$ cat upload-v3.pdb   # PDB, C-alpha atoms, pLDDT in the B column
ATOM      1  CA  MET A   1      22.190   2.137 -24.391  1.00 93.00           C
ATOM      2  CA  LEU A   2      19.526   3.372 -21.953  1.00 97.00           C
ATOM      3  CA  THR A   3      17.918   6.772 -22.360  1.00 98.00           C
ATOM      4  CA  LEU A   4      16.140   8.914 -19.787  1.00 98.00           C
ATOM      5  CA  ASN A   5      12.874   8.155 -21.567  1.00 98.00           C
ATOM      6  CA  GLU A   6      13.516   4.418 -21.273  1.00 98.00           C
ATOM      7  CA  TRP A   7      14.307   4.747 -17.570  1.00 98.00           C
ATOM      8  CA  GLU A   8      11.029   6.586 -17.105  1.00 98.00           C
ATOM      9  CA  LYS A   9       9.166   3.854 -19.020  1.00 98.00           C
ATOM     10  CA  MET A  10      10.780   1.152 -16.866  1.00 98.00           C
ATOM     11  CA  LEU A  11      10.010   2.923 -13.619  1.00 98.00           C
ATOM     12  CA  LEU A  12       6.419   3.741 -14.590  1.00 98.00           C
ATOM     13  CA  GLY A  13       5.820   0.154 -15.659  1.00 98.00           C
ATOM     14  CA  ALA A  14       7.267  -1.066 -12.363  1.00 98.00           C
ATOM     15  CA  ALA A  15       5.148   1.345 -10.326  1.00 98.00           C
ATOM     16  CA  ILE A  16       1.935   0.211 -12.010  1.00 98.00           C
ATOM     17  CA  GLU A  17       2.722  -3.488 -11.570  1.00 98.00           C
ATOM     18  CA  LEU A  18       3.898  -3.122  -7.971  1.00 98.00           C
ATOM     19  CA  LYS A  19       0.726  -1.241  -7.065  1.00 98.00           C
ATOM     20  CA  ALA A  20      -1.394  -3.908  -8.726  1.00 98.00           C
ATOM     21  CA  LYS A  21       0.285  -6.632  -6.684  1.00 98.00           C
ATOM     22  CA  SER A  22       0.346  -4.769  -3.348  1.00 97.00           C
ATOM     23  CA  LYS A  23      -2.442  -6.894  -1.852  1.00 97.00           C
ATOM     24  CA  TYR A  24      -0.596 -10.070  -2.845  1.00 97.00           C
ATOM     25  CA  PHE A  25       2.552  -8.795  -1.104  1.00 97.00           C
ATOM     26  CA  CYS A  26       0.515  -8.238   2.066  1.00 96.00           C
ATOM     27  CA  GLU A  27      -0.777 -11.806   1.875  1.00 95.00           C
ATOM     28  CA  LEU A  28       2.775 -13.141   1.567  1.00 93.00           C
ATOM     29  CA  ASP A  29       3.915 -10.978   4.470  1.00 92.00           C
ATOM     30  CA  SER A  30       1.062 -12.109   6.702  1.00 91.00           C
ATOM     31  CA  VAL A  31       2.602 -15.594   6.882  1.00 86.00           C
ATOM     32  CA  ALA A  32       5.662 -14.539   8.854  1.00 79.00           C
ATOM     33  CA  GLY A  33       5.609 -10.752   9.146  1.00 80.00           C
ATOM     34  CA  ASP A  34       3.290  -7.864   9.945  1.00 85.00           C
ATOM     35  CA  GLY A  35       1.247  -8.281   6.777  1.00 90.00           C
ATOM     36  CA  ASP A  36       1.931  -4.716   5.684  1.00 93.00           C
ATOM     37  CA  HIS A  37       4.730  -5.143   3.121  1.00 95.00           C
ATOM     38  CA  GLY A  38       2.309  -4.514   0.283  1.00 97.00           C
ATOM     39  CA  LEU A  39       1.113  -1.274   1.854  1.00 97.00           C
ATOM     40  CA  THR A  40       4.669   0.046   1.920  1.00 97.00           C
ATOM     41  CA  ILE A  41       5.337  -1.127  -1.628  1.00 98.00           C
ATOM     42  CA  GLY A  42       2.078   0.466  -2.746  1.00 98.00           C
ATOM     43  CA  ARG A  43       3.073   3.812  -1.245  1.00 97.00           C
ATOM     44  CA  MET A  44       6.459   3.638  -2.948  1.00 98.00           C
ATOM     45  CA  ALA A  45       4.763   2.737  -6.229  1.00 98.00           C
ATOM     46  CA  ASP A  46       2.501   5.781  -5.933  1.00 98.00           C
ATOM     47  CA  ALA A  47       5.520   8.030  -5.259  1.00 98.00           C
ATOM     48  CA  ILE A  48       7.467   6.614  -8.210  1.00 98.00           C
ATOM     49  CA  LYS A  49       4.496   6.986 -10.557  1.00 98.00           C
ATOM     50  CA  GLN A  50       3.874  10.551  -9.464  1.00 98.00           C
ATOM     51  CA  LYS A  51       7.542  11.446  -9.941  1.00 98.00           C
ATOM     52  CA  VAL A  52       7.751   9.956 -13.430  1.00 98.00           C
ATOM     53  CA  GLU A  53       4.462  11.486 -14.548  1.00 98.00           C
ATOM     54  CA  ALA A  54       5.627  14.904 -13.365  1.00 97.00           C
ATOM     55  CA  ASP A  55       8.112  14.669 -16.270  1.00 95.00           C
ATOM     56  CA  ASP A  56      10.486  17.107 -14.609  1.00 97.00           C
ATOM     57  CA  ALA A  57      13.673  15.022 -14.577  1.00 97.00           C
ATOM     58  CA  LYS A  58      16.598  16.680 -16.347  1.00 97.00           C
ATOM     59  CA  ASP A  59      18.853  13.617 -16.390  1.00 98.00           C
ATOM     60  CA  ILE A  60      19.037   9.961 -15.340  1.00 98.00           C
ATOM     61  CA  LYS A  61      21.094  10.595 -12.231  1.00 98.00           C
ATOM     62  CA  GLY A  62      18.639  13.184 -10.940  1.00 98.00           C
ATOM     63  CA  LEU A  63      15.610  11.013 -11.655  1.00 98.00           C
ATOM     64  CA  LEU A  64      17.003   8.035  -9.734  1.00 98.00           C
ATOM     65  CA  ASP A  65      18.287  10.183  -6.902  1.00 98.00           C
ATOM     66  CA  ASP A  66      14.844  11.755  -6.447  1.00 98.00           C
ATOM     67  CA  ILE A  67      13.175   8.337  -6.456  1.00 98.00           C
ATOM     68  CA  GLY A  68      15.684   7.059  -3.933  1.00 98.00           C
ATOM     69  CA  MET A  69      14.883   9.923  -1.592  1.00 98.00           C
ATOM     70  CA  LEU A  70      11.135   9.453  -2.065  1.00 98.00           C
ATOM     71  CA  CYS A  71      11.385   5.758  -1.172  1.00 98.00           C
ATOM     72  CA  MET A  72      13.508   6.472   1.884  1.00 97.00           C
ATOM     73  CA  GLY A  73      10.827   8.839   3.101  1.00 96.00           C
ATOM     74  CA  ILE A  74       8.085   6.201   2.980  1.00 95.00           C
ATOM     75  CA  ASN A  75       6.982   5.008   6.408  1.00 87.00           C
ATOM     76  CA  GLY A  76       6.357   1.314   7.015  1.00 78.00           C
ATOM     77  CA  GLY A  77       9.240  -0.862   8.146  1.00 81.00           C
ATOM     78  CA  SER A  78      12.559  -1.352   6.433  1.00 90.00           C
ATOM     79  CA  ALA A  79      11.397  -1.613   2.806  1.00 94.00           C
ATOM     80  CA  GLY A  80      11.484   2.145   2.142  1.00 96.00           C
ATOM     81  CA  PRO A  81      15.084   2.722   3.257  1.00 96.00           C
ATOM     82  CA  LEU A  82      16.237  -0.511   1.592  1.00 97.00           C
ATOM     83  CA  TRP A  83      14.601   0.203  -1.754  1.00 98.00           C
ATOM     84  CA  GLY A  84      15.657   3.832  -1.489  1.00 98.00           C
ATOM     85  CA  THR A  85      19.263   2.713  -1.107  1.00 98.00           C
ATOM     86  CA  VAL A  86      19.026   0.637  -4.290  1.00 98.00           C
ATOM     87  CA  PHE A  87      17.776   3.614  -6.321  1.00 98.00           C
ATOM     88  CA  SER A  88      20.203   6.023  -4.680  1.00 98.00           C
ATOM     89  CA  GLY A  89      23.017   3.590  -5.414  1.00 98.00           C
ATOM     90  CA  LEU A  90      22.018   3.504  -9.075  1.00 98.00           C
ATOM     91  CA  ALA A  91      22.034   7.297  -9.031  1.00 98.00           C
ATOM     92  CA  GLU A  92      25.419   7.459  -7.340  1.00 98.00           C
ATOM     93  CA  GLY A  93      26.910   5.205 -10.010  1.00 98.00           C
ATOM     94  CA  ALA A  94      25.359   7.190 -12.855  1.00 98.00           C
ATOM     95  CA  PRO A  95      27.269   9.851 -14.768  1.00 98.00           C
ATOM     96  CA  SER A  96      26.242  13.447 -14.123  1.00 97.00           C
ATOM     97  CA  ALA A  97      23.965  15.435 -16.406  1.00 97.00           C
ATOM     98  CA  LYS A  98      23.410  12.697 -18.987  1.00 98.00           C
ATOM     99  CA  VAL A  99      20.167  11.598 -20.616  1.00 98.00           C
ATOM    100  CA  GLU A 100      21.660   8.343 -21.919  1.00 98.00           C
ATOM    101  CA  VAL A 101      24.037   5.843 -20.345  1.00 98.00           C
ATOM    102  CA  SER A 102      26.315   3.377 -22.096  1.00 98.00           C
ATOM    103  CA  ARG A 103      26.521  -0.307 -21.226  1.00 97.00           C
ATOM    104  CA  GLU A 104      29.669   0.333 -19.182  1.00 97.00           C
ATOM    105  CA  GLU A 105      27.958   3.164 -17.295  1.00 98.00           C
ATOM    106  CA  PHE A 106      24.868   1.017 -16.687  1.00 98.00           C
ATOM    107  CA  CYS A 107      27.076  -1.719 -15.240  1.00 98.00           C
ATOM    108  CA  GLN A 108      28.759   0.833 -12.971  1.00 98.00           C
ATOM    109  CA  MET A 109      25.316   1.876 -11.732  1.00 98.00           C
ATOM    110  CA  LEU A 110      24.367  -1.714 -10.961  1.00 98.00           C
ATOM    111  CA  GLU A 111      27.660  -2.334  -9.160  1.00 98.00           C
ATOM    112  CA  GLN A 112      27.214   0.813  -7.074  1.00 98.00           C
ATOM    113  CA  ALA A 113      23.675  -0.177  -6.119  1.00 98.00           C
ATOM    114  CA  GLN A 114      24.931  -3.464  -4.683  1.00 98.00           C
ATOM    115  CA  THR A 115      27.872  -1.785  -2.950  1.00 98.00           C
ATOM    116  CA  ASP A 116      25.652   0.799  -1.287  1.00 98.00           C
ATOM    117  CA  PHE A 117      23.054  -1.802  -0.313  1.00 98.00           C
ATOM    118  CA  SER A 118      25.679  -4.031   1.277  1.00 97.00           C
ATOM    119  CA  THR A 119      26.730  -1.174   3.560  1.00 97.00           C
ATOM    120  CA  ILE A 120      23.301  -0.992   5.204  1.00 95.00           C
ATOM    121  CA  SER A 121      22.229  -4.642   5.056  1.00 94.00           C
ATOM    122  CA  LYS A 122      24.290  -7.560   6.307  1.00 92.00           C
ATOM    123  CA  ALA A 123      21.902 -10.068   4.707  1.00 94.00           C
ATOM    124  CA  LYS A 124      23.468 -12.614   2.406  1.00 95.00           C
ATOM    125  CA  PRO A 125      21.911 -14.837  -0.262  1.00 96.00           C
ATOM    126  CA  GLY A 126      20.178 -17.696   1.527  1.00 96.00           C
ATOM    127  CA  ASP A 127      19.010 -15.558   4.458  1.00 94.00           C
ATOM    128  CA  LYS A 128      15.461 -15.319   3.024  1.00 95.00           C
ATOM    129  CA  THR A 129      15.384 -11.588   2.329  1.00 95.00           C
ATOM    130  CA  MET A 130      15.105  -9.299  -0.701  1.00 97.00           C
ATOM    131  CA  VAL A 131      18.837  -9.922  -1.217  1.00 98.00           C
ATOM    132  CA  ASP A 132      17.975 -13.368  -2.605  1.00 98.00           C
ATOM    133  CA  ALA A 133      16.371 -11.666  -5.609  1.00 98.00           C
ATOM    134  CA  LEU A 134      18.321  -8.394  -5.702  1.00 98.00           C
ATOM    135  CA  TYR A 135      21.916  -9.589  -5.827  1.00 98.00           C
ATOM    136  CA  PRO A 136      21.354 -12.282  -8.486  1.00 98.00           C
ATOM    137  CA  ALA A 137      19.442  -9.749 -10.598  1.00 98.00           C
ATOM    138  CA  LEU A 138      22.188  -7.143 -10.452  1.00 98.00           C
ATOM    139  CA  ARG A 139      24.873  -9.736 -11.158  1.00 98.00           C
ATOM    140  CA  ALA A 140      22.955 -11.286 -14.072  1.00 98.00           C
ATOM    141  CA  ALA A 141      22.532  -7.911 -15.743  1.00 98.00           C
ATOM    142  CA  ILE A 142      26.220  -7.066 -15.352  1.00 98.00           C
ATOM    143  CA  GLU A 143      27.338 -10.427 -16.726  1.00 98.00           C
ATOM    144  CA  THR A 144      25.007 -10.361 -19.747  1.00 98.00           C
ATOM    145  CA  GLN A 145      26.568  -9.188 -22.970  1.00 95.00           C
ATOM    146  CA  GLY A 146      24.042  -7.544 -25.231  1.00 94.00           C
ATOM    147  CA  SER A 147      21.387  -4.876 -25.279  1.00 97.00           C
ATOM    148  CA  ALA A 148      19.768  -3.193 -22.298  1.00 97.00           C
ATOM    149  CA  ARG A 149      16.686  -5.301 -22.947  1.00 98.00           C
ATOM    150  CA  GLU A 150      18.736  -8.498 -22.816  1.00 98.00           C
ATOM    151  CA  MET A 151      20.436  -7.333 -19.628  1.00 98.00           C
ATOM    152  CA  MET A 152      17.117  -6.546 -17.964  1.00 98.00           C
ATOM    153  CA  ASP A 153      15.561  -9.808 -19.155  1.00 98.00           C
ATOM    154  CA  ALA A 154      18.448 -11.689 -17.526  1.00 98.00           C
ATOM    155  CA  ALA A 155      18.025  -9.661 -14.341  1.00 98.00           C
ATOM    156  CA  ALA A 156      14.294 -10.390 -14.253  1.00 98.00           C
ATOM    157  CA  LYS A 157      14.815 -14.138 -14.635  1.00 98.00           C
ATOM    158  CA  ALA A 158      17.530 -14.198 -11.972  1.00 98.00           C
ATOM    159  CA  ALA A 159      15.320 -12.237  -9.558  1.00 98.00           C
ATOM    160  CA  GLN A 160      12.380 -14.563 -10.172  1.00 98.00           C
ATOM    161  CA  ASP A 161      14.538 -17.651  -9.653  1.00 98.00           C
ATOM    162  CA  GLY A 162      16.045 -16.138  -6.513  1.00 98.00           C
ATOM    163  CA  ALA A 163      12.646 -15.298  -5.050  1.00 98.00           C
ATOM    164  CA  ALA A 164      11.366 -18.829  -5.740  1.00 98.00           C
ATOM    165  CA  LYS A 165      14.337 -20.340  -3.905  1.00 98.00           C
ATOM    166  CA  THR A 166      13.425 -18.493  -0.695  1.00 96.00           C
ATOM    167  CA  LYS A 167      10.769 -21.157  -0.094  1.00 95.00           C
ATOM    168  CA  ASP A 168      13.630 -23.466   0.834  1.00 95.00           C
ATOM    169  CA  TYR A 169      15.361 -21.050   3.226  1.00 94.00           C
ATOM    170  CA  VAL A 170      14.924 -20.451   6.948  1.00 89.00           C
ATOM    171  CA  ALA A 171      14.528 -16.742   7.715  1.00 85.00           C
ATOM    172  CA  LYS A 172      17.514 -15.061   9.378  1.00 82.00           C
ATOM    173  CA  PHE A 173      16.218 -11.483   9.550  1.00 74.00           C
ATOM    174  CA  GLY A 174      13.113  -9.570  10.591  1.00 70.00           C
ATOM    175  CA  ARG A 175      10.080 -10.926  12.379  1.00 66.00           C
ATOM    176  CA  ALA A 176      10.141 -14.050  10.216  1.00 63.00           C
ATOM    177  CA  LYS A 177      13.346 -15.255  11.891  1.00 67.00           C
ATOM    178  CA  ASN A 178      11.311 -15.924  15.054  1.00 63.00           C
ATOM    179  CA  LEU A 179       9.484 -18.679  13.191  1.00 64.00           C
ATOM    180  CA  GLY A 180      12.635 -20.672  12.547  1.00 67.00           C
ATOM    181  CA  ALA A 181      11.891 -23.783  10.477  1.00 70.00           C
ATOM    182  CA  ALA A 182       8.231 -22.750  10.276  1.00 61.00           C
ATOM    183  CA  SER A 183       9.270 -20.118   7.726  1.00 69.00           C
ATOM    184  CA  LEU A 184      10.089 -22.896   5.256  1.00 82.00           C
ATOM    185  CA  GLY A 185       7.740 -23.385   2.318  1.00 88.00           C
ATOM    186  CA  HIS A 186       6.903 -19.701   1.921  1.00 90.00           C
ATOM    187  CA  GLU A 187       8.487 -17.186  -0.438  1.00 95.00           C
ATOM    188  CA  ASP A 188       9.952 -14.094   1.144  1.00 94.00           C
ATOM    189  CA  PRO A 189       7.738 -11.087   0.344  1.00 95.00           C
ATOM    190  CA  GLY A 190      10.730  -8.777  -0.023  1.00 96.00           C
ATOM    191  CA  ALA A 191      12.339 -11.050  -2.587  1.00 97.00           C
ATOM    192  CA  VAL A 192       9.054 -11.442  -4.452  1.00 98.00           C
ATOM    193  CA  SER A 193       8.452  -7.687  -4.654  1.00 98.00           C
ATOM    194  CA  ILE A 194      11.992  -7.165  -5.975  1.00 98.00           C
ATOM    195  CA  SER A 195      11.375  -9.838  -8.600  1.00 98.00           C
ATOM    196  CA  VAL A 196       8.219  -7.994  -9.678  1.00 98.00           C
ATOM    197  CA  LEU A 197      10.218  -4.746  -9.899  1.00 98.00           C
ATOM    198  CA  PHE A 198      12.767  -6.265 -12.279  1.00 98.00           C
ATOM    199  CA  ALA A 199      10.165  -8.161 -14.302  1.00 98.00           C
ATOM    200  CA  ALA A 200       8.121  -5.017 -14.892  1.00 98.00           C
ATOM    201  CA  MET A 201      11.167  -2.919 -15.745  1.00 98.00           C
ATOM    202  CA  ALA A 202      12.304  -5.559 -18.242  1.00 98.00           C
ATOM    203  CA  GLN A 203       8.837  -5.814 -19.794  1.00 98.00           C
ATOM    204  CA  ALA A 204       8.744  -2.061 -20.342  1.00 98.00           C
ATOM    205  CA  LEU A 205      11.671  -2.385 -22.770  1.00 98.00           C
ATOM    206  CA  HIS A 206       9.790  -4.850 -25.011  1.00 97.00           C
TER     207      HIS A 206
END
$ encode --input "upload-v3.pdb" --output "structure tokens"
Amino acid sequence: MLTLNEWEKMLLGAAIELKAKSKYFCELDSVAGDGDHGLTIGRMADAIKQKVEADDAKDIKGLLDDIGMLCMGINGGSAGPLWGTVFSGLAEGAPSAKVEVSREEFCQMLEQAQTDFSTISKAKPGDKTMVDALYPALRAAIETQGSAREMMDAAAKAAQDGAAKTKDYVAKFGRAKNLGAASLGHEDPGAVSISVLFAAMAQALH
């Protein structure tokens, strides 16, 4: 279903694309936040790229667990711990010592990522956070019958749609919530960066 090599391809593709868009993420964040979201994403992208290119992962679980820990160690607001929890959740749901996961195992990984994330973030869809892209993406992948590529394509589209909808939401978390209605009309940078993550991972399977 999904091999270790394919996971590495997805993560490397995501790292390259996230790094390329880091300035754009800063511009989005400057509307209602500190303007540094892209810097944090860029540092995570560098860490992910370095890890994948080291080519020292023995199995899928270990690769994702290492990336989760690397992200959690990135300084710069909440993005590091939040993204780290997503990757660590995927790792927690993954079977041990395997270099390929079945569709059922992949779905378990996606479910665990959402479960773990929900324990550290009380944000709900509609709160104008990364959750608006993350949860729909995870759910779309789980509900899609077909290949890993089809699952990831569905996740990418759901994340993109979710990020676009944040223009219509009033921020409930972070510095942006202080703007109230003034946060309308702008996409949430966290949701946009998550949508880029899923889009790049999906593209890597084509």
$ axis_aligned_box --input "upload-v3.pdb" --around "range 186-200 of chain A" --padding-each-side "4 Å" --output "lines of an AutoDock Vina configuration file"
center_x = 9.8
center_y = -12.2
center_z = -6.5
size_x = 13.9
size_y = 23.0
size_z = 24.8
$ resolve_selection --input "upload-v3.pdb" --expression "the PyMOL selection byres ((chain A and resi 9) around 12)" --output "PDB file with C-alpha atoms, keeping the file's coordinate frame"
ATOM      1  CA  LEU A   2      19.526   3.372 -21.953  1.00 97.00           C
ATOM      2  CA  THR A   3      17.918   6.772 -22.360  1.00 98.00           C
ATOM      3  CA  LEU A   4      16.140   8.914 -19.787  1.00 98.00           C
ATOM      4  CA  ASN A   5      12.874   8.155 -21.567  1.00 98.00           C
ATOM      5  CA  GLU A   6      13.516   4.418 -21.273  1.00 98.00           C
ATOM      6  CA  TRP A   7      14.307   4.747 -17.570  1.00 98.00           C
ATOM      7  CA  GLU A   8      11.029   6.586 -17.105  1.00 98.00           C
ATOM      8  CA  MET A  10      10.780   1.152 -16.866  1.00 98.00           C
ATOM      9  CA  LEU A  11      10.010   2.923 -13.619  1.00 98.00           C
ATOM     10  CA  LEU A  12       6.419   3.741 -14.590  1.00 98.00           C
ATOM     11  CA  GLY A  13       5.820   0.154 -15.659  1.00 98.00           C
ATOM     12  CA  ALA A  14       7.267  -1.066 -12.363  1.00 98.00           C
ATOM     13  CA  ALA A  15       5.148   1.345 -10.326  1.00 98.00           C
ATOM     14  CA  ILE A  16       1.935   0.211 -12.010  1.00 98.00           C
ATOM     15  CA  ILE A  48       7.467   6.614  -8.210  1.00 98.00           C
ATOM     16  CA  LYS A  49       4.496   6.986 -10.557  1.00 98.00           C
ATOM     17  CA  LYS A  51       7.542  11.446  -9.941  1.00 98.00           C
ATOM     18  CA  VAL A  52       7.751   9.956 -13.430  1.00 98.00           C
ATOM     19  CA  GLU A  53       4.462  11.486 -14.548  1.00 98.00           C
ATOM     20  CA  ASP A  55       8.112  14.669 -16.270  1.00 95.00           C
ATOM     21  CA  ALA A 200       8.121  -5.017 -14.892  1.00 98.00           C
ATOM     22  CA  MET A 201      11.167  -2.919 -15.745  1.00 98.00           C
ATOM     23  CA  ALA A 202      12.304  -5.559 -18.242  1.00 98.00           C
ATOM     24  CA  GLN A 203       8.837  -5.814 -19.794  1.00 98.00           C
ATOM     25  CA  ALA A 204       8.744  -2.061 -20.342  1.00 98.00           C
ATOM     26  CA  LEU A 205      11.671  -2.385 -22.770  1.00 98.00           C
ATOM     27  CA  HIS A 206       9.790  -4.850 -25.011  1.00 97.00           C
TER      28      HIS A 206
END
$ closest_atom_pairs --input "upload-v3.pdb" --of "range 57-165 of chain A" --to "range 19-35 of chain A" --cutoff "12 Å" --atoms "only C-alpha atoms" --output "JSON lines"
{"residue": "A:Gly76", "atom": "CA", "partner": "A:Asp34", "partner_atom": "CA", "distance": 10.1}
{"residue": "A:Gly77", "atom": "CA", "partner": "A:Asp34", "partner_atom": "CA", "distance": 9.4}
{"residue": "A:Ser78", "atom": "CA", "partner": "A:Asp34", "partner_atom": "CA", "distance": 11.9}
{"residue": "A:Lys128", "atom": "CA", "partner": "A:Ala32", "partner_atom": "CA", "distance": 11.4}
{"residue": "A:Thr129", "atom": "CA", "partner": "A:Asp29", "partner_atom": "CA", "distance": 11.7}
$ residues_around --input "upload-v3.pdb" --residues "Leu70 in chain A" --least-positions-apart "3" --cutoff "8 Å" --atoms "only C-alpha atoms" --output "PyMOL selection string"
chain A and resi 44+47-48+66-67+73-74+84
$ resolve_selection --input "upload-v3.pdb" --expression "the PyMOL selection byres ((chain A and resi 164-169) around 7)" --output "list in words"
Gly126, Asp127, Lys128, Gln160, Asp161, Gly162, Ala163, Val170, Ala171, Leu184, Gly185, His186, Glu187 and Asp188 of chain A
$ atom_distance --input "upload-v3.pdb" --atom1 "CA of Ala141 in chain A" --atom2 "CA of Gly190 in chain A"
19.7 Å
$ residues_around --input "upload-v3.pdb" --residues "Ala158 in chain A" --least-positions-apart "6" --cutoff "7 Å" --atoms "all atoms listed in the file" --output "PyMOL selection string"
chain A and resi 133+136-137+140
$ atom_distance --input "upload-v3.pdb" --atom1 "CA of Ile120 in chain A" --atom2 "CA of Ser88 in chain A"
12.5 Å
$ closest_residue --input "upload-v3.pdb" --among "A:Ala91, A:Cys71, A:Leu63, A:Ala148" --to "Met1 in chain A" --atoms "all atoms listed in the file"
A:Ala148
$ closest_residue --input "upload-v3.pdb" --among "A:Val101, A:Glu17, A:Ala155, A:Ala123" --to "Asp46 in chain A" --atoms "all atoms listed in the file"
A:Glu17
$ closest_residue --input "upload-v3.pdb" --among "A:Thr115, A:Trp83, A:Glu92, A:Gly62" --to "Ser193 in chain A" --atoms "all atoms listed in the file"
A:Trp83
$ closest_residue --input "upload-v3.pdb" --among "A:Lys61, A:Lys172, A:His37, A:Arg43" --to "Ala94 in chain A" --atoms "only C-alpha atoms"
A:Lys61
$ atom_distance --input "upload-v3.pdb" --atom1 "CA of Ala199 in chain A" --atom2 "CA of Ala181 in chain A"
29.3 Å
$ closest_residue --input "upload-v3.pdb" --among "A:Phe87, A:Met109, A:Ser121, A:Arg139" --to "Gly174 in chain A" --atoms "only C-alpha atoms"
A:Ser121
$ build_atoms --input "upload-v3.pdb" --residues "range 87-102 of chain A" --atoms "N, CA, C and O atoms" --output "compact mmCIF listing (two decimals), keeping the file's coordinate frame"
# COMPACT_ATOMS: atom_id res chain seq x y z
N PHE A 87 17.91 2.55 -5.32
CA PHE A 87 17.78 3.61 -6.32
C PHE A 87 18.84 4.69 -6.16
O PHE A 87 19.39 5.19 -7.15
N SER A 88 19.16 5.03 -4.92
CA SER A 88 20.20 6.02 -4.68
C SER A 88 21.56 5.50 -5.12
O SER A 88 22.41 6.27 -5.60
N GLY A 89 21.77 4.19 -4.96
CA GLY A 89 23.02 3.59 -5.41
C GLY A 89 23.14 3.64 -6.93
O GLY A 89 24.21 3.94 -7.47
N LEU A 90 22.03 3.37 -7.62
CA LEU A 90 22.02 3.50 -9.07
C LEU A 90 22.35 4.93 -9.47
O LEU A 90 23.13 5.17 -10.42
N ALA A 91 21.77 5.88 -8.75
CA ALA A 91 22.03 7.30 -9.03
C ALA A 91 23.49 7.65 -8.78
O ALA A 91 24.12 8.36 -9.58
N GLU A 92 24.02 7.15 -7.68
CA GLU A 92 25.42 7.46 -7.34
C GLU A 92 26.37 6.94 -8.41
O GLU A 92 27.38 7.57 -8.72
N GLY A 93 26.05 5.78 -8.98
CA GLY A 93 26.91 5.20 -10.01
C GLY A 93 26.71 5.80 -11.38
O GLY A 93 27.50 5.55 -12.30
N ALA A 94 25.67 6.61 -11.54
CA ALA A 94 25.36 7.19 -12.86
C ALA A 94 26.21 8.42 -13.14
O ALA A 94 26.57 9.16 -12.23
N PRO A 95 26.53 8.64 -14.40
CA PRO A 95 27.27 9.85 -14.77
C PRO A 95 26.38 11.08 -14.58
O PRO A 95 25.16 10.98 -14.66
N SER A 96 26.99 12.21 -14.36
CA SER A 96 26.24 13.45 -14.12
C SER A 96 25.73 14.06 -15.43
O SER A 96 26.39 13.99 -16.47
N ALA A 97 24.54 14.63 -15.33
CA ALA A 97 23.96 15.44 -16.41
C ALA A 97 23.90 14.73 -17.75
O ALA A 97 24.15 15.32 -18.80
N LYS A 98 23.54 13.43 -17.73
CA LYS A 98 23.41 12.70 -18.99
C LYS A 98 22.00 12.12 -19.12
O LYS A 98 21.40 11.69 -18.14
N VAL A 99 21.50 12.14 -20.34
CA VAL A 99 20.17 11.60 -20.62
C VAL A 99 20.26 10.25 -21.32
O VAL A 99 19.25 9.70 -21.77
N GLU A 100 21.46 9.69 -21.39
CA GLU A 100 21.66 8.34 -21.92
C GLU A 100 22.92 7.77 -21.30
O GLU A 100 23.92 8.48 -21.14
N VAL A 101 22.86 6.50 -20.91
CA VAL A 101 24.04 5.84 -20.34
C VAL A 101 24.46 4.69 -21.25
O VAL A 101 23.63 4.01 -21.85
N SER A 102 25.76 4.48 -21.32
CA SER A 102 26.32 3.38 -22.10
C SER A 102 26.21 2.08 -21.30
O SER A 102 25.84 2.08 -20.11
